[in-house]
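A.B. asks: my_file_7.csv is the file, holding CSV, C-alpha atoms:
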chain,number,residue,atom,x,y,z
A,17,MET,CA,-9.5,-72.6,16.6
A,18,LEU,CA,-8.4,-71.1,20.0
A,19,GLU,CA,-4.9,-71.1,21.4
A,20,LEU,CA,-3.7,-69.3,24.6
A,21,ARG,CA,0.0,-68.6,24.8
A,22,SER,CA,1.6,-67.8,28.2
A,23,LEU,CA,-1.6,-65.9,29.2
A,24,GLU,CA,-1.6,-63.7,32.3
A,25,SER,CA,-4.7,-61.9,33.5
A,26,GLY,CA,-6.5,-60.8,36.7
A,27,TYR,CA,-8.2,-58.1,38.6
A,28,ARG,CA,-6.6,-54.7,39.3
A,29,ASP,CA,-3.4,-55.4,41.2
A,30,LEU,CA,-4.1,-59.1,41.5
A,31,THR,CA,-2.7,-61.5,38.9
A,32,VAL,CA,-4.9,-64.6,38.9
A,33,LEU,CA,-3.7,-66.5,35.7
A,34,HIS,CA,0.0,-67.4,35.3
A,35,GLY,CA,1.4,-68.5,32.0
A,36,ILE,CA,-1.7,-70.3,30.7
A,37,ASN,CA,-1.2,-72.4,27.6
A,38,ILE,CA,-4.3,-74.3,26.2
A,39,GLU,CA,-5.7,-75.1,22.9
A,40,VAL,CA,-9.3,-75.8,21.7
A,41,ARG,CA,-9.6,-77.3,18.2
A,42,THR,CA,-12.5,-77.1,15.8
A,43,GLY,CA,-15.3,-79.6,16.6
A,44,GLU,CA,-14.0,-80.7,20.0
A,45,ILE,CA,-14.9,-80.4,23.6
A,46,VAL,CA,-12.1,-79.3,25.9
A,47,ALA,CA,-12.9,-79.5,29.6
A,48,LEU,CA,-11.3,-77.1,32.2
A,49,ILE,CA,-11.6,-78.6,35.6
A,50,GLY,CA,-10.6,-77.2,39.0
A,51,ALA,CA,-11.8,-76.3,42.4
A,52,ASN,CA,-13.6,-73.1,43.3
A,53,GLY,CA,-11.2,-70.2,43.1
A,54,ALA,CA,-8.8,-72.0,40.8
A,55,GLY,CA,-9.2,-69.4,38.0
A,56,LYS,CA,-11.7,-71.0,35.7
A,57,THR,CA,-14.1,-68.0,35.5
A,58,THR,CA,-11.2,-65.6,35.3
A,59,LEU,CA,-9.9,-67.5,32.3
A,60,ALA,CA,-13.3,-67.5,30.6
A,61,LYS,CA,-13.6,-63.8,31.1
A,62,ALA,CA,-10.1,-63.1,29.8
A,63,ILE,CA,-10.8,-65.1,26.6
A,64,ALA,CA,-14.1,-63.3,26.1
A,65,GLY,CA,-12.4,-59.9,26.5
A,66,LEU,CA,-14.0,-59.0,29.8
A,67,LEU,CA,-10.7,-58.9,31.6
A,68,PRO,CA,-7.5,-57.4,30.2
A,69,VAL,CA,-4.6,-59.6,29.1
A,70,ARG,CA,-1.4,-58.5,31.0
A,71,ARG,CA,0.9,-60.8,29.1
A,72,GLY,CA,0.7,-63.5,26.5
A,73,GLN,CA,-1.5,-64.0,23.5
A,74,ILE,CA,-5.0,-65.2,22.6
A,75,MET,CA,-5.1,-66.6,19.1
A,76,PHE,CA,-8.6,-67.2,17.6
A,77,ALA,CA,-9.1,-68.5,14.1
A,78,GLU,CA,-5.3,-67.9,13.5
A,79,ARG,CA,-5.3,-64.2,14.5
A,80,PRO,CA,-4.4,-62.5,17.7
A,81,VAL,CA,-7.5,-61.1,19.5
A,82,GLU,CA,-6.2,-60.2,23.0
A,83,ARG,CA,-6.4,-56.5,22.2
A,84,LEU,CA,-9.9,-56.7,20.6
A,85,PRO,CA,-13.0,-55.6,22.5
A,86,PRO,CA,-15.6,-58.2,23.4
A,87,ARG,CA,-17.9,-57.1,20.5
A,88,GLU,CA,-15.2,-57.7,17.9
A,89,ARG,CA,-14.5,-61.2,19.3
A,90,ILE,CA,-18.3,-61.9,19.1
A,91,ARG,CA,-18.3,-60.9,15.5
A,92,LEU,CA,-15.5,-63.3,14.8
A,93,GLY,CA,-17.6,-66.1,16.2
A,94,MET,CA,-16.7,-66.3,19.9
A,95,ALA,CA,-19.6,-66.7,22.3
A,96,HIS,CA,-19.4,-66.7,26.1
A,97,VAL,CA,-22.1,-68.1,28.4
A,98,PRO,CA,-21.2,-66.7,31.9
A,99,GLU,CA,-21.5,-68.6,35.2
A,100,SER,CA,-24.2,-66.3,36.4
A,101,ARG,CA,-26.2,-66.6,33.1
A,102,GLN,CA,-26.9,-62.9,33.1
A,103,ILE,CA,-30.2,-63.0,31.4
A,104,VAL,CA,-32.3,-59.8,31.5
A,105,ALA,CA,-35.1,-60.9,33.8
A,106,PRO,CA,-37.7,-58.2,33.0
A,107,LEU,CA,-37.4,-58.7,29.2
A,108,SER,CA,-39.2,-61.5,27.4
A,109,VAL,CA,-37.5,-64.7,26.4
A,110,ALA,CA,-37.7,-63.5,22.7
A,111,ASP,CA,-36.0,-60.2,23.5
A,112,ASN,CA,-33.2,-62.0,25.4
A,113,LEU,CA,-32.6,-64.1,22.3
A,114,ARG,CA,-32.6,-61.0,20.1
A,115,LEU,CA,-29.9,-59.6,22.4
A,116,GLY,CA,-27.8,-62.5,21.4
A,117,ALA,CA,-27.8,-61.5,17.8
A,118,TYR,CA,-27.3,-57.8,18.5
A,119,ALA,CA,-23.8,-57.6,17.1
A,120,GLN,CA,-25.1,-59.0,13.8
A,121,GLN,CA,-28.6,-57.4,13.6
A,122,HIS,CA,-27.9,-55.2,10.6
A,123,LYS,CA,-26.4,-58.0,8.7
A,124,LEU,CA,-29.2,-60.5,9.6
A,125,GLY,CA,-32.3,-58.2,9.4
A,126,GLU,CA,-35.6,-59.2,11.0
A,127,ASP,CA,-36.1,-62.3,8.9
A,128,GLY,CA,-32.6,-63.6,9.7
A,129,ILE,CA,-33.1,-63.1,13.4
A,130,LYS,CA,-36.4,-64.9,13.3
A,131,ARG,CA,-34.8,-67.8,11.5
A,132,ARG,CA,-32.1,-68.1,14.1
A,133,MET,CA,-34.6,-67.8,16.9
A,134,ALA,CA,-36.6,-70.7,15.4
A,135,ALA,CA,-33.4,-72.8,15.1
A,136,VAL,CA,-32.3,-72.3,18.7
A,137,CYS,CA,-35.9,-73.1,19.9
A,138,ASP,CA,-35.6,-76.4,18.0
A,139,LEU,CA,-32.8,-77.2,20.4
A,140,PHE,CA,-34.7,-75.9,23.4
A,141,PRO,CA,-38.4,-76.6,22.9
A,142,PRO,CA,-39.4,-75.3,26.3
A,143,LEU,CA,-38.3,-71.8,25.2
A,144,ARG,CA,-40.6,-71.8,22.2
A,145,GLU,CA,-43.6,-72.2,24.4
A,146,ARG,CA,-42.6,-69.2,26.6
A,147,LEU,CA,-41.2,-66.7,24.1
A,148,GLU,CA,-43.4,-63.9,25.2
A,149,GLU,CA,-43.0,-64.5,29.0
A,150,ALA,CA,-40.5,-62.5,31.1
A,151,ALA,CA,-37.2,-64.4,31.3
A,152,GLY,CA,-37.2,-64.0,35.1
A,153,ASN,CA,-40.2,-66.3,35.3
A,154,LEU,CA,-38.3,-69.3,34.0
A,155,SER,CA,-36.9,-72.0,36.2
A,156,GLY,CA,-33.2,-72.2,36.8
A,157,GLY,CA,-32.7,-74.9,34.2
A,158,GLN,CA,-34.7,-73.0,31.7
A,159,GLN,CA,-32.7,-69.8,32.3
A,160,GLN,CA,-29.5,-71.8,31.7
A,161,MET,CA,-31.1,-73.0,28.4
A,162,LEU,CA,-31.9,-69.4,27.5
A,163,ALA,CA,-28.3,-68.3,28.3
A,164,ILE,CA,-26.9,-71.0,25.9
A,165,ALA,CA,-29.6,-70.3,23.3
A,166,ARG,CA,-28.8,-66.6,23.4
A,167,ALA,CA,-25.1,-67.4,22.7
A,168,LEU,CA,-26.1,-69.7,19.8
A,169,MET,CA,-28.0,-66.9,18.1
A,170,LEU,CA,-24.5,-65.8,16.8
A,171,GLU,CA,-24.0,-69.2,15.1
A,172,PRO,CA,-20.6,-69.2,16.9
A,173,ARG,CA,-17.5,-71.1,16.0
A,174,LEU,CA,-16.4,-71.3,19.7
A,175,VAL,CA,-18.6,-71.4,22.8
A,176,ILE,CA,-17.1,-70.8,26.2
A,177,LEU,CA,-19.4,-72.4,28.8
A,178,ASP,CA,-18.7,-71.3,32.4
A,179,GLU,CA,-20.2,-73.7,35.0
A,180,PRO,CA,-23.4,-74.5,32.9
A,181,SER,CA,-24.6,-77.2,35.4
A,182,LEU,CA,-24.2,-75.0,38.5
A,183,GLY,CA,-27.3,-75.2,40.8
A,184,LEU,CA,-29.3,-77.5,38.4
A,185,ALA,CA,-31.1,-80.7,39.3
A,186,PRO,CA,-29.5,-83.9,38.0
A,187,ALA,CA,-32.0,-84.4,35.2
A,188,LEU,CA,-31.4,-80.9,33.9
A,189,VAL,CA,-27.7,-81.3,34.2
A,190,ALA,CA,-28.0,-84.4,31.9
A,191,GLU,CA,-30.1,-82.3,29.5
A,192,ILE,CA,-27.4,-79.5,29.4
A,193,PHE,CA,-24.6,-82.1,28.8
A,194,ARG,CA,-26.7,-83.7,26.0
A,195,LEU,CA,-26.9,-80.4,24.3
A,196,ILE,CA,-23.1,-79.8,24.7
A,197,VAL,CA,-22.4,-83.1,22.9
A,198,SER,CA,-24.8,-82.1,20.1
A,199,LEU,CA,-23.0,-78.8,19.6
A,200,ARG,CA,-19.8,-80.7,19.1
A,201,GLU,CA,-21.5,-82.8,16.5
A,202,GLN,CA,-22.3,-79.6,14.6
A,203,GLY,CA,-18.6,-78.7,14.4
A,204,ILE,CA,-18.6,-76.1,17.2
A,205,ALA,CA,-15.6,-75.9,19.4
A,206,ILE,CA,-16.5,-76.0,23.1
A,207,LEU,CA,-14.4,-74.8,26.1
A,208,LEU,CA,-16.3,-76.3,29.1
A,209,SER,CA,-15.3,-74.8,32.5
A,210,GLU,CA,-16.9,-77.1,35.1
A,211,GLN,CA,-16.7,-78.3,38.7
A,212,ASN,CA,-18.6,-81.4,37.7
A,213,ALA,CA,-15.4,-83.2,36.7
A,214,GLN,CA,-17.1,-86.6,36.2
A,215,MET,CA,-19.5,-85.4,33.5
A,216,SER,CA,-17.0,-83.1,31.9
A,217,LEU,CA,-14.2,-85.7,31.5
A,218,ALA,CA,-16.7,-88.3,30.3
A,219,ILE,CA,-17.7,-86.2,27.3
A,220,ALA,CA,-14.4,-84.2,26.7
A,221,ASP,CA,-12.0,-84.9,23.9
A,222,ARG,CA,-9.2,-83.4,26.0
A,223,ALA,CA,-9.0,-81.7,29.4
A,224,TYR,CA,-6.9,-79.3,31.5
A,225,VAL,CA,-6.6,-79.1,35.2
A,226,ILE,CA,-6.2,-75.6,36.6
A,227,GLU,CA,-5.0,-75.0,40.2
A,228,MET,CA,-4.1,-71.6,41.6
A,229,GLY,CA,-4.2,-70.0,38.2
A,230,ARG,CA,-1.8,-72.5,36.6
A,231,ILE,CA,-2.4,-75.4,34.3
A,232,THR,CA,-1.0,-78.4,36.2
A,233,LEU,CA,-2.1,-81.3,34.1
A,234,ALA,CA,-3.4,-81.9,30.6
A,235,GLY,CA,-4.6,-85.0,28.6
A,236,ASN,CA,-7.6,-86.9,27.5
A,237,GLY,CA,-10.2,-88.1,30.0
A,238,ARG,CA,-8.8,-91.6,30.4
A,239,GLU,CA,-5.3,-90.2,31.0
A,240,LEU,CA,-6.5,-87.8,33.7
A,241,LEU,CA,-8.7,-90.5,35.3
A,242,GLY,CA,-5.5,-92.6,35.6
A,243,ARG,CA,-3.9,-90.0,37.8
A,244,PRO,CA,-4.5,-91.0,41.5
A,245,GLU,CA,-4.5,-87.3,42.6
A,246,ILE,CA,-7.2,-86.4,40.1
A,247,ALA,CA,-9.3,-89.5,40.9
A,248,GLU,CA,-9.1,-88.7,44.6
A,249,ARG,CA,-9.5,-84.9,44.4
A,250,TYR,CA,-12.1,-84.5,41.7
A,251,LEU,CA,-13.9,-87.8,41.2
A,252,GLY,CA,-14.6,-89.0,44.7
A,253,VAL,CA,-12.3,-92.1,44.6
A,254,GLY,CA,-10.5,-92.7,47.9
A,255,THR,CA,-6.7,-92.7,48.2
A,256,ALA,CA,-6.3,-96.5,48.2
A,257,ALA,CA,-8.6,-97.0,45.2
A,258,ALA,CA,-7.1,-94.1,43.3
A,259,ALA,CA,-3.7,-95.8,43.6
A,260,ASP,CA,-5.1,-99.0,42.0
A,261,PRO,CA,-5.1,-98.7,38.2
A,262,ARG,CA,-7.9,-101.4,38.1
A,263,ALA,CA,-10.1,-99.2,40.3
A,264,VAL,CA,-9.4,-96.2,38.2
A,265,GLU,CA,-10.3,-98.1,35.0
A,266,ALA,CA,-13.5,-99.4,36.6
A,267,GLN,CA,-14.4,-95.8,37.6
A,268,HIS,CA,-13.8,-94.6,34.0
A,269,VAL,CA,-16.0,-97.4,32.6
A,270,ARG,CA,-18.9,-96.6,35.0
A,271,LEU,CA,-18.6,-93.0,34.2
A,272,VAL,CA,-18.7,-93.4,30.4
A,273,HIS,CA,-21.4,-96.1,30.4
A,274,GLY,CA,-23.6,-94.1,32.8
A,275,LEU,CA,-23.2,-90.9,30.8
A,276,LYS,CA,-23.9,-92.6,27.5
A,277,ALA,CA,-27.1,-94.0,28.9
A,278,ILE,CA,-28.1,-90.5,30.0
A,279,LEU,CA,-27.2,-88.9,26.7
A,280,HIS,CA,-29.1,-91.4,24.6
A,281,ASP,CA,-32.0,-91.8,26.9
A,282,GLY,CA,-35.3,-91.0,25.2
Take the structure I supplied and represent it as C-alpha coordinates, if you would.
C.D. replies:
Amino acid sequence: MLELRSLESGYRDLTVLHGINIEVRTGEIVALIGANGAGKTTLAKAIAGLLPVRRGQIMFAERPVERLPPRERIRLGMAHVPESRQIVAPLSVADNLRLGAYAQQHKLGEDGIKRRMAAVCDLFPPLRERLEEAAGNLSGGQQQMLAIARALMLEPRLVILDEPSLGLAPALVAEIFRLIVSLREQGIAILLSEQNAQMSLAIADRAYVIEMGRITLAGNGRELLGRPEIAERYLGVGTAAAADPRAVEAQHVRLVHGLKAILHDG
(Lines of atoms letter the chains of each structure in order from A and count residues from 1; the text may use other names and numbers.)
(Lines give C-alpha, C1' and ligand atoms only; values in the text may rest on other atoms or scores of the structure.)
Protein backbone atom coordinates (compact mmCIF):
# COMPACT_ATOMS: atom_id res chain seq x y z
CA MET A 1 0.00 0.00 0.00
CA LEU A 2 2.68 2.51 1.09
CA GLU A 3 6.41 2.19 0.55
CA LEU A 4 9.10 4.78 1.25
CA ARG A 5 12.39 4.33 -0.55
CA SER A 6 15.48 6.20 0.71
CA LEU A 7 13.33 9.20 1.61
CA GLU A 8 14.91 12.51 2.56
CA SER A 9 12.95 15.58 3.63
CA GLY A 10 13.08 18.53 6.00
CA TYR A 11 12.54 22.24 6.44
CA ARG A 12 14.29 24.87 4.30
CA ASP A 13 18.03 24.24 4.67
CA LEU A 14 17.59 21.58 7.35
CA THR A 15 17.40 17.93 6.33
CA VAL A 16 15.53 16.01 9.05
CA LEU A 17 14.88 12.63 7.43
CA HIS A 18 17.80 10.59 6.14
CA GLY A 19 17.27 7.57 3.88
CA ILE A 20 13.95 6.41 5.34
CA ASN A 21 12.76 2.98 4.15
CA ILE A 22 9.42 1.77 5.52
CA GLU A 23 6.42 -0.17 4.27
CA VAL A 24 2.75 -0.24 5.31
CA ARG A 25 0.66 -3.04 3.84
CA THR A 26 -3.08 -3.18 3.31
CA GLY A 27 -5.01 -3.92 6.48
CA GLU A 28 -2.16 -3.63 8.97
CA ILE A 29 -1.10 -1.26 11.71
CA VAL A 30 2.51 -0.11 11.51
CA ALA A 31 3.79 1.80 14.52
CA LEU A 32 6.44 4.49 14.27
CA ILE A 33 7.97 5.10 17.68
CA GLY A 34 10.59 7.55 18.77
CA ALA A 35 11.35 10.37 21.17
CA ASN A 36 10.28 13.97 20.73
CA GLY A 37 12.22 15.49 17.85
CA ALA A 38 13.13 12.13 16.30
CA GLY A 39 11.38 13.00 13.03
CA LYS A 40 7.96 11.32 13.39
CA THR A 41 5.89 14.39 12.54
CA THR A 42 8.25 15.40 9.73
CA LEU A 43 7.81 11.95 8.20
CA ALA A 44 4.02 12.14 8.46
CA LYS A 45 4.02 15.54 6.75
CA ALA A 46 6.33 14.37 3.97
CA ILE A 47 4.10 11.39 3.21
CA ALA A 48 1.01 13.62 3.16
CA GLY A 49 2.70 16.10 0.80
CA LEU A 50 3.04 18.95 3.28
CA LEU A 51 6.85 18.90 3.02
CA PRO A 52 8.88 18.45 -0.16
CA VAL A 53 10.78 15.25 -0.85
CA ARG A 54 14.43 16.07 -1.50
CA ARG A 55 15.49 12.60 -2.44
CA GLY A 56 13.92 9.17 -2.62
CA GLN A 57 10.46 7.96 -3.48
CA ILE A 58 6.98 7.56 -1.97
CA MET A 59 5.04 4.71 -3.55
CA PHE A 60 1.32 4.60 -2.80
CA ALA A 61 -0.91 1.93 -4.33
CA GLU A 62 2.00 0.98 -6.64
CA ARG A 63 2.50 4.46 -8.08
CA PRO A 64 4.98 7.23 -7.21
CA VAL A 65 3.29 10.16 -5.47
CA GLU A 66 6.20 12.21 -4.07
CA ARG A 67 5.63 14.92 -6.70
CA LEU A 68 1.85 15.03 -6.30
CA PRO A 69 0.22 17.83 -4.27
CA PRO A 70 -1.64 16.89 -1.08
CA ARG A 71 -5.04 17.12 -2.74
CA GLU A 72 -4.12 14.48 -5.30
CA ARG A 73 -2.83 12.16 -2.61
CA ILE A 74 -6.13 12.60 -0.78
CA ARG A 75 -8.03 11.65 -3.92
CA LEU A 76 -5.98 8.48 -4.17
CA GLY A 77 -7.10 7.48 -0.67
CA MET A 78 -4.43 8.87 1.67
CA ALA A 79 -5.67 10.62 4.83
CA HIS A 80 -3.56 12.48 7.38
CA VAL A 81 -4.63 13.25 10.95
CA PRO A 82 -2.09 15.83 12.16
CA GLU A 83 -0.63 16.04 15.65
CA SER A 84 -2.35 19.36 16.38
CA ARG A 85 -5.73 18.06 15.07
CA GLN A 86 -6.30 21.32 13.14
CA ILE A 87 -10.04 21.34 13.46
CA VAL A 88 -11.71 24.65 12.52
CA ALA A 89 -12.96 25.75 15.92
CA PRO A 90 -15.58 28.34 14.87
CA LEU A 91 -17.26 25.95 12.41
CA SER A 92 -19.79 23.37 13.51
CA VAL A 93 -18.87 19.72 13.94
CA ALA A 94 -20.93 18.95 10.82
CA ASP A 95 -19.07 21.53 8.74
CA ASN A 96 -15.72 20.17 9.91
CA LEU A 97 -16.82 16.74 8.71
CA ARG A 98 -17.89 18.21 5.39
CA LEU A 99 -14.39 19.64 4.97
CA GLY A 100 -13.07 16.11 5.18
CA ALA A 101 -15.02 15.20 2.03
CA TYR A 102 -14.17 18.43 0.19
CA ALA A 103 -11.92 16.77 -2.38
CA GLN A 104 -14.77 14.44 -3.37
CA GLN A 105 -17.77 16.72 -2.91
CA HIS A 106 -18.74 16.86 -6.58
CA LYS A 107 -18.51 13.09 -6.91
CA LEU A 108 -20.45 12.41 -3.72
CA GLY A 109 -23.14 15.06 -3.85
CA GLU A 110 -25.10 16.10 -0.80
CA ASP A 111 -26.68 12.68 -0.25
CA GLY A 112 -23.30 10.94 -0.38
CA ILE A 113 -21.78 13.37 2.10
CA LYS A 114 -24.70 12.82 4.49
CA ARG A 115 -24.29 9.04 4.23
CA ARG A 116 -20.60 9.28 5.07
CA MET A 117 -21.31 11.65 7.92
CA ALA A 118 -23.78 9.15 9.37
CA ALA A 119 -21.22 6.36 8.99
CA VAL A 120 -18.45 8.18 10.87
CA CYS A 121 -20.90 9.22 13.57
CA ASP A 122 -21.66 5.53 14.09
CA LEU A 123 -17.99 5.18 15.03
CA PHE A 124 -18.08 8.29 17.22
CA PRO A 125 -21.56 8.59 18.80
CA PRO A 126 -20.64 11.72 20.86
CA LEU A 127 -20.20 13.64 17.60
CA ARG A 128 -23.72 12.86 16.39
CA GLU A 129 -25.14 14.53 19.47
CA ARG A 130 -23.16 17.74 18.82
CA LEU A 131 -23.21 18.12 15.05
CA GLU A 132 -24.53 21.67 15.16
CA GLU A 133 -22.22 22.88 17.92
CA ALA A 134 -19.00 24.79 17.31
CA ALA A 135 -16.10 22.34 17.14
CA GLY A 136 -14.12 24.53 19.53
CA ASN A 137 -16.59 23.66 22.29
CA LEU A 138 -15.65 19.98 22.23
CA SER A 139 -13.36 18.44 24.81
CA GLY A 140 -9.82 17.50 23.81
CA GLY A 141 -10.81 13.87 23.36
CA GLN A 142 -13.85 14.77 21.28
CA GLN A 143 -11.74 17.05 19.11
CA GLN A 144 -9.39 14.14 18.43
CA MET A 145 -12.39 12.02 17.54
CA LEU A 146 -13.53 14.75 15.15
CA ALA A 147 -10.09 14.96 13.53
CA ILE A 148 -10.09 11.20 12.87
CA ALA A 149 -13.73 11.22 11.75
CA ARG A 150 -12.98 14.04 9.32
CA ALA A 151 -10.20 11.93 7.76
CA LEU A 152 -12.55 8.94 7.50
CA MET A 153 -15.02 11.01 5.46
CA LEU A 154 -12.72 10.18 2.53
CA GLU A 155 -13.17 6.43 3.00
CA PRO A 156 -9.35 6.28 2.86
CA ARG A 157 -7.16 3.31 2.04
CA LEU A 158 -4.37 4.62 4.30
CA VAL A 159 -4.63 6.73 7.46
CA ILE A 160 -1.55 8.47 8.87
CA LEU A 161 -2.14 9.16 12.57
CA ASP A 162 0.30 11.59 14.17
CA GLU A 163 0.28 11.39 17.99
CA PRO A 164 -3.46 10.64 18.33
CA SER A 165 -3.21 10.09 22.11
CA LEU A 166 -1.30 13.30 22.88
CA GLY A 167 -2.76 15.15 25.85
CA LEU A 168 -5.68 12.76 26.36
CA ALA A 169 -6.83 11.13 29.59
CA PRO A 170 -6.14 7.37 29.85
CA ALA A 171 -9.78 6.41 29.28
CA LEU A 172 -9.90 8.45 26.08
CA VAL A 173 -6.56 7.02 24.94
CA ALA A 174 -8.06 3.54 25.26
CA GLU A 175 -11.05 4.66 23.19
CA ILE A 176 -8.81 6.03 20.43
CA PHE A 177 -6.73 2.84 20.30
CA ARG A 178 -9.91 0.76 20.23
CA LEU A 179 -10.97 2.69 17.15
CA ILE A 180 -7.56 2.22 15.48
CA VAL A 181 -7.91 -1.55 15.87
CA SER A 182 -11.41 -1.40 14.36
CA LEU A 183 -10.08 0.49 11.33
CA ARG A 184 -7.58 -2.29 10.68
CA GLU A 185 -10.44 -4.78 10.81
CA GLN A 186 -12.07 -2.80 7.98
CA GLY A 187 -8.98 -3.33 5.82
CA ILE A 188 -7.57 0.19 6.22
CA ALA A 189 -3.79 0.53 6.40
CA ILE A 190 -2.64 2.54 9.43
CA LEU A 191 0.66 4.34 10.01
CA LEU A 192 0.60 5.16 13.71
CA SER A 193 3.17 7.72 14.84
CA GLU A 194 3.18 7.70 18.64
CA GLN A 195 5.23 8.41 21.75
CA ASN A 196 3.03 5.94 23.64
CA ALA A 197 5.22 2.99 22.67
CA GLN A 198 3.52 0.51 24.98
CA MET A 199 0.07 0.88 23.45
CA SER A 200 1.42 1.19 19.92
CA LEU A 201 3.59 -1.93 20.02
CA ALA A 202 0.81 -3.92 21.64
CA ILE A 203 -1.60 -3.38 18.72
CA ALA A 204 0.88 -3.04 15.83
CA ASP A 205 1.52 -5.74 13.28
CA ARG A 206 4.97 -4.26 12.69
CA ALA A 207 6.95 -1.30 13.99
CA TYR A 208 9.86 0.98 13.21
CA VAL A 209 12.03 2.95 15.63
CA ILE A 210 13.13 6.37 14.37
CA GLU A 211 16.02 8.25 15.97
CA MET A 212 17.51 11.50 14.68
CA GLY A 213 15.68 11.12 11.39
CA ARG A 214 16.86 7.58 10.69
CA ILE A 215 15.19 4.19 11.06
CA THR A 216 17.33 2.34 13.58
CA LEU A 217 15.26 -0.79 14.25
CA ALA A 218 12.35 -2.63 12.66
CA GLY A 219 10.32 -5.70 13.52
CA ASN A 220 7.12 -6.86 15.15
CA GLY A 221 6.19 -5.83 18.66
CA ARG A 222 7.60 -8.93 20.33
CA GLU A 223 10.92 -8.53 18.52
CA LEU A 224 11.28 -4.92 19.57
CA LEU A 225 10.26 -5.68 23.15
CA GLY A 226 13.06 -8.24 23.19
CA ARG A 227 15.64 -5.51 22.61
CA PRO A 228 17.02 -4.30 25.96
CA GLU A 229 17.63 -0.77 24.68
CA ILE A 230 14.02 -0.45 23.50
CA ALA A 231 12.58 -1.87 26.69
CA GLU A 232 14.66 0.52 28.77
CA ARG A 233 14.25 3.65 26.64
CA TYR A 234 10.62 3.42 25.56
CA LEU A 235 8.83 0.95 27.84
CA GLY A 236 10.01 1.95 31.29
CA VAL A 237 11.92 -1.26 32.03
CA GLY A 238 15.15 -0.74 33.96
CA THR A 239 18.56 -1.72 32.60
CA ALA A 240 18.86 -4.95 34.59
CA ALA A 241 15.33 -6.08 33.78
CA ALA A 242 15.71 -5.15 30.13
CA ALA A 243 18.74 -7.42 29.86
CA ASP A 244 16.72 -10.37 31.20
CA PRO A 245 14.67 -12.06 28.43
CA ARG A 246 12.23 -13.38 31.03
CA ALA A 247 11.53 -9.85 32.27
CA VAL A 248 11.00 -8.63 28.72
CA GLU A 249 8.62 -11.50 27.99
CA ALA A 250 6.69 -10.78 31.19
CA GLN A 251 6.47 -7.12 30.21
CA HIS A 252 5.12 -8.10 26.79
CA VAL A 253 2.49 -10.42 28.30
CA ARG A 254 1.30 -7.72 30.73
CA LEU A 255 1.11 -5.20 27.91
CA VAL A 256 -0.87 -7.38 25.56
CA HIS A 257 -3.25 -8.77 28.17
CA GLY A 258 -3.85 -5.34 29.66
CA LEU A 259 -4.53 -3.76 26.29
CA LYS A 260 -6.83 -6.60 25.20
CA ALA A 261 -8.85 -6.04 28.35
CA ILE A 262 -9.15 -2.35 27.53
CA LEU A 263 -10.03 -2.91 23.89
CA HIS A 264 -12.76 -5.44 24.64
CA ASP A 265 -14.15 -3.78 27.76
CA GLY A 266 -17.80 -2.95 27.50
A.B. asks: Do a neighbour search on Met133 of chain A at 9 Å with all atoms listed in the file, toss out local chain neighbours closer than 5 positions, and write the hits as a ChimeraX atom specification.
C.D. replies: /A:110,113-114,128,138,144,165-166,169
A.B. asks: Pick out the closest residue to Val81 of chain A from this set: A:His96, A:Ala60, A:Leu20, A:Leu33. Count only C-alpha atoms.
C.D. replies: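 Closest residue, counting only C-alpha atoms: A:Leu20.
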A.B. asks: Could you pull the residues within 12 Å of Gln102 of chain A, counting only C-alpha atoms, minus those fewer than 6 positions along the same chain, as a PyMOL selection string?
C.D. replies: chain A and resi 96+112+115-116+151-152+156+159-164+166-167+178
A.B. asks: Counting all atoms listed in the file, which residues of segment 39-73 of chain A sit at most 12 Å from some atom of segment 237-240 of chain A, and what is each one's closest atom pair with its distance in Å to one decimal, listed by chain and rising residue number, as a Markdown table?
C.D. replies:
| residue | atom | partner | partner_atom | distance |
| --- | --- | --- | --- | --- |
| A:Ile45 | CA | A:Gly237 | CA | 11.1 |
| A:Val46 | CA | A:Gly237 | CA | 9.9 |
| A:Ala47 | CA | A:Gly237 | CA | 9.0 |
| A:Leu48 | CA | A:Gly237 | CA | 11.3 |
| A:Ile49 | CA | A:Leu240 | CA | 10.7 |
A.B. asks: Measure the distance from atom CA of Val197 of chain A to atom CA of Glu210 of chain A in Å and round it to one decimal.
C.D. replies: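 Separation between atom CA of Val197 of chain A and atom CA of Glu210 of chain A: 14.7 Å.
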A.B. asks: Grab the atom CA of Arg21 of chain A to atom CA of Arg71 of chain A distance for me, in Å with one decimal place.
C.D. replies: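 A separation of 9.0 Å between them.
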A.B. asks: Taking all atoms listed in the file into account, which of A:Ala51, A:Leu199, A:Val40, A:Ala185 comes nearest Asp221 of chain A?
C.D. replies: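 Checking each candidate against Asp221 of chain A, we get A:Val40 as the closest.
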A.B. asks: Quick one: pull the distance between atom CA of Tyr250 of chain A and atom CA of Leu18 of chain A, Å, one decimal.
C.D. replies: 25.8 Å
A.B. asks: Would you mind telling me which residue in A:Glu19, A:Glu171, A:Glu24, A:Glu82 lies nearest to Ile36 of chain A when using all atoms listed in the file?
C.D. replies: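 Smallest distance to Ile36 of chain A is found for A:Glu24.
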A.B. asks: Can you pull out the residues contacting Glu179 of chain A? Cut-off 9 Å, using only C-alpha atoms, and skip same-chain residues under 3 positions away; I want them as a PyMOL selection string.
C.D. replies: chain A and resi 56-57+97-100+182+208-212
A.B. asks: Between A:Gln202, A:Ser25, A:Gln121, A:Asn153, single out the one closest to Gly55 of chain A, counting all atoms listed in the file.
C.D. replies: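 When distances to Gly55 of chain A are compared using all atoms listed in the file, the smallest one comes from A:Ser25.
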A.B. asks: Closest to Leu59 of chain A among A:Ile176, A:Met75, A:Leu170, A:Ala187, using all atoms listed in the file?
C.D. replies: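 Among the listed residues, the smallest separation from Leu59 of chain A belongs to A:Ile176.
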A.B. asks: Nearest to Ser22 of chain A: which of A:Gly50, A:Gly229, A:Gly157, A:Pro244 is it, counting all atoms listed in the file?
C.D. replies: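 Among the listed residues, A:Gly229 lies closest to Ser22 of chain A.
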A.B. asks: Per residue of segment 162-229 of chain A within 6 Å of segment 83-94 of chain A, record the nearest atom pair and its distance in Å to one decimal, counting all atoms listed in the file, with rows in chain order and ascending residue number, as a tab-separated table.
C.D. replies:
residue	atom	partner	partner_atom	distance
A:Pro172	CA	A:Gly93	CA	4.4
A:Arg173	CA	A:Gly93	CA	5.0
A:Leu174	CA	A:Met94	CA	5.0
